[in-house]
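*Asks:* Can you read through this structure? Questions will come right after.
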Amino acid sequence: AQMRAAHAERLQALGQLAGGIAHDFNNVLQAVAASSGLIERRAEDPAMVRRLARLAAEATARGAAVTQRLLSFARRGALRAAPVDVPALLEGLRDILAHTLGRSLSIRVEAPPGLPPLLADKAQLETVLVNLATNARDAMPEGGTLTFTAAAERASPGHPAGLAPGAYLRLQVQDSGSGMTPEVLARIAEPFFTTKGIGRGTGLGLAMARGFAEQSGGTLLVESEAGEGTCVTLWLPQAAASASPPPPAPPTALRGLT
Ligand code: ADP
């Protein structure tokens, strides 16, 4: 019976993973489609064509990382955690997102140089951040500001987000968009919960972000207020602090501003 329960759990995880992969792949295809559409329209500008081709190549590399995840799941592989230089990662993301998310967004990155590296699977972290940024864009159809912030944080016992004591990096993705009502905020942790309609949303972005944060030994918190905007905070362990395997994942806190 135990084996069967483990099998059922694995099948459920596989279903969620497959949905997540469809979601991420869709983001990749959107980026490639946007770049190739622009290449057609800007064919007379060789420098622009080269840049757009580069962006399309980067998007397909992200696509390859996504399929890699399926393969590593099949091998029951854990996340491939390694030290990640966060300011460099965010600068790179800003350049990609500036093209894929449209011109009406102003994208800010606040990450002090010299920040200690965090320990996580870099490709997955990028995928999660692209998903969060895409949600932010969807919440700001008329444009607005998307801000990525990174800072070091030492969690003491009794941390408000339930984080185990230790050294973390706090990554925040904040938007000035529509925000969420308390009713929506209460349900966002559910896989497949979406307000975007069939074919537009999968309802997996936040569930996957939470799973990633917990598997990496951190946690995730969503704060949102209707009409004000949303802030998603990810805490991930610092690389130096995790010479031993990451601590067991604490319960995830998903709650509103009170
Ligand atoms: P999806 O984006 O496919 O709907 P998610 O799990 O990423 O799936 O998000 C679930 C729901 O949470 C969204 O449909 C939306 O209603 C809400 N949401 C997520 N991020 C934001 C945000 N930044 N601003 C406003 N609402 C959001």
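Residues in the structure tokens are named by chain (A, B, ... in the order shown) and by number from 1 within that chain; ligands are numbered from 1 in the order shown.
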Write out as a tab-separated table the residues of segment 73-113 of chain A that have any atom within 8 Å of an atom of segment 132-154 of chain A, one row each with the nearest atom pair and its distance in Å to one decimal, counting only C-alpha atoms, sorted by chain and then rising number.
*Replies:*
residue	atom	partner	partner_atom	distance
A:Val86	CA	A:Ala150	CA	7.5
A:Pro87	CA	A:Ala150	CA	7.7
A:Leu90	CA	A:Phe148	CA	7.5
A:Leu97	CA	A:Ala133	CA	8.0
A:Leu101	CA	A:Arg137	CA	6.7
A:Ser104	CA	A:Gly143	CA	4.5
A:Leu105	CA	A:Gly143	CA	5.0
A:Ser106	CA	A:Thr145	CA	4.8
A:Ile107	CA	A:Leu146	CA	4.8
A:Arg108	CA	A:Thr147	CA	4.6
A:Val109	CA	A:Phe148	CA	4.8
A:Glu110	CA	A:Thr149	CA	4.7
A:Ala111	CA	A:Ala150	CA	4.9
A:Pro112	CA	A:Ala151	CA	7.4
*Asks:* Check which residues fall inside 6 Å of ligand 1 when counting only C-alpha atoms and all ligand atoms, and print them as a compact mmCIF listing (two decimals) with N, CA and C atoms, in the first residue's frame.
*Replies:*
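Generated file (out-v1.txt):
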# COMPACT_ATOMS: atom_id res chain seq x y z
N ASN A 135 3.35 37.25 -14.93
CA ASN A 135 2.16 37.57 -14.11
C ASN A 135 2.07 39.06 -13.86
N ALA A 136 3.22 39.68 -13.54
CA ALA A 136 3.24 41.12 -13.25
C ALA A 136 2.79 41.89 -14.50
N ALA A 139 -0.81 41.82 -15.01
CA ALA A 139 -1.54 42.64 -14.06
C ALA A 139 -1.40 44.14 -14.38
N SER A 178 -2.78 45.51 -10.95
CA SER A 178 -4.15 45.46 -10.42
C SER A 178 -4.23 44.88 -9.02
N GLY A 179 -3.23 44.10 -8.61
CA GLY A 179 -3.31 43.44 -7.31
C GLY A 179 -4.37 42.35 -7.30
N MET A 180 -4.60 41.76 -6.15
CA MET A 180 -5.58 40.67 -6.05
C MET A 180 -6.56 40.96 -4.93
N ILE A 188 -4.45 31.30 -4.64
CA ILE A 188 -3.37 31.24 -5.63
C ILE A 188 -2.42 30.07 -5.44
N PHE A 193 -5.40 26.97 -10.36
CA PHE A 193 -6.29 28.12 -10.12
C PHE A 193 -5.80 29.29 -10.97
N THR A 194 -6.69 29.78 -11.84
CA THR A 194 -6.33 30.94 -12.66
C THR A 194 -7.56 31.82 -12.84
N THR A 195 -7.33 33.12 -12.98
CA THR A 195 -8.44 34.03 -13.30
C THR A 195 -8.33 34.47 -14.77
N LYS A 196 -7.41 33.84 -15.51
CA LYS A 196 -7.10 34.35 -16.85
C LYS A 196 -7.89 33.69 -17.97
N GLY A 201 -4.36 31.24 -19.05
CA GLY A 201 -3.61 30.93 -17.82
C GLY A 201 -3.65 29.44 -17.56
N THR A 202 -2.59 28.93 -16.91
CA THR A 202 -2.59 27.52 -16.53
C THR A 202 -2.81 27.37 -15.03
N GLY A 203 -2.62 28.45 -14.30
CA GLY A 203 -2.76 28.36 -12.85
C GLY A 203 -1.64 27.57 -12.21
N LEU A 204 -0.50 27.48 -12.88
CA LEU A 204 0.61 26.70 -12.33
C LEU A 204 1.81 27.55 -11.94
N GLY A 205 1.83 28.80 -12.39
CA GLY A 205 3.03 29.62 -12.16
C GLY A 205 3.38 29.75 -10.69
N LEU A 206 2.43 30.14 -9.87
CA LEU A 206 2.73 30.37 -8.46
C LEU A 206 2.92 29.05 -7.71
N ALA A 207 2.16 28.03 -8.09
CA ALA A 207 2.33 26.72 -7.44
C ALA A 207 3.74 26.19 -7.72
N THR A 230 1.30 43.93 -6.40
CA THR A 230 1.64 42.63 -5.82
C THR A 230 3.13 42.55 -5.60
*Asks:* Could you tell me how far atom CA of Ala81 of chain A lies from atom CA of Ala213 of chain A, in Å and to one decimal?
*Replies:* 11.9 Å
*Asks:* Interatomic distance between atom CA of Met208 of chain A and atom CA of Leu129 of chain A?
*Replies:*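 Going from atom CA of Met208 of chain A over to atom CA of Leu129 of chain A, I get 10.9 Å.
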*Asks:* Would you work out the distance separating atom CA of Leu118 of chain A from atom CA of Ala239 of chain A, expressed in Å to one decimal?
*Replies:* 4.6 Å
*Asks:* Between A:Cys231, A:Ala98, A:Leu185, A:Leu171, which has the minimum distance to Thr219 of chain A (counting only C-alpha atoms)?
*Replies:*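 Ranked by minimum distance to Thr219 of chain A, first place goes to A:Leu171.
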*Asks:* If you count only C-alpha atoms, which residues fall within 12 Å of Ala209 of chain A, apart from same-chain ones fewer than 4 positions away, as a PyMOL selection string?
*Replies:* chain A and resi 17+20+24+124-133+135+173+188-191+203-205+213-216+218-222+232-236+252+254
*Asks:* Which residues in segment 60-251 of chain A does DSSP call alpha helix (DSSP H)? List them as a PyMOL selection string.
*Replies:* chain A and resi 60-74+86-100+122-138+182-185+205-215
*Asks:* Going by DSSP on the backbone, which bits of segment 16-204 of chain A are strand (DSSP E or B)? Write them as a ChimeraX atom specification, please.
*Replies:* /A:82-84,105-110,118-120,144-155,166-175
*Asks:* Residues near Thr181 of chain A, anyone? I mean within 9 Å using only C-alpha atoms, not counting same-chain ones fewer than 6 positions away, as a PyMOL selection string.
*Replies:* chain A and resi 224-227
*Asks:* Store the residues of this selection in a file with N, CA and C atoms, as a compact mmCIF listing (two decimals), in the first residue's frame.
*Replies:*
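Below you can see again21.txt, which holds the result:
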# COMPACT_ATOMS: atom_id res chain seq x y z
N SER A 224 -0.42 41.08 -1.63
CA SER A 224 -1.10 41.77 -2.72
C SER A 224 -2.29 42.53 -2.19
N GLU A 225 -2.57 43.65 -2.80
CA GLU A 225 -3.74 44.42 -2.43
C GLU A 225 -4.38 44.93 -3.72
N ALA A 226 -5.70 44.71 -3.83
CA ALA A 226 -6.41 45.12 -5.04
C ALA A 226 -6.19 46.61 -5.28
N GLY A 227 -5.83 46.94 -6.51
CA GLY A 227 -5.62 48.33 -6.88
C GLY A 227 -4.25 48.88 -6.54
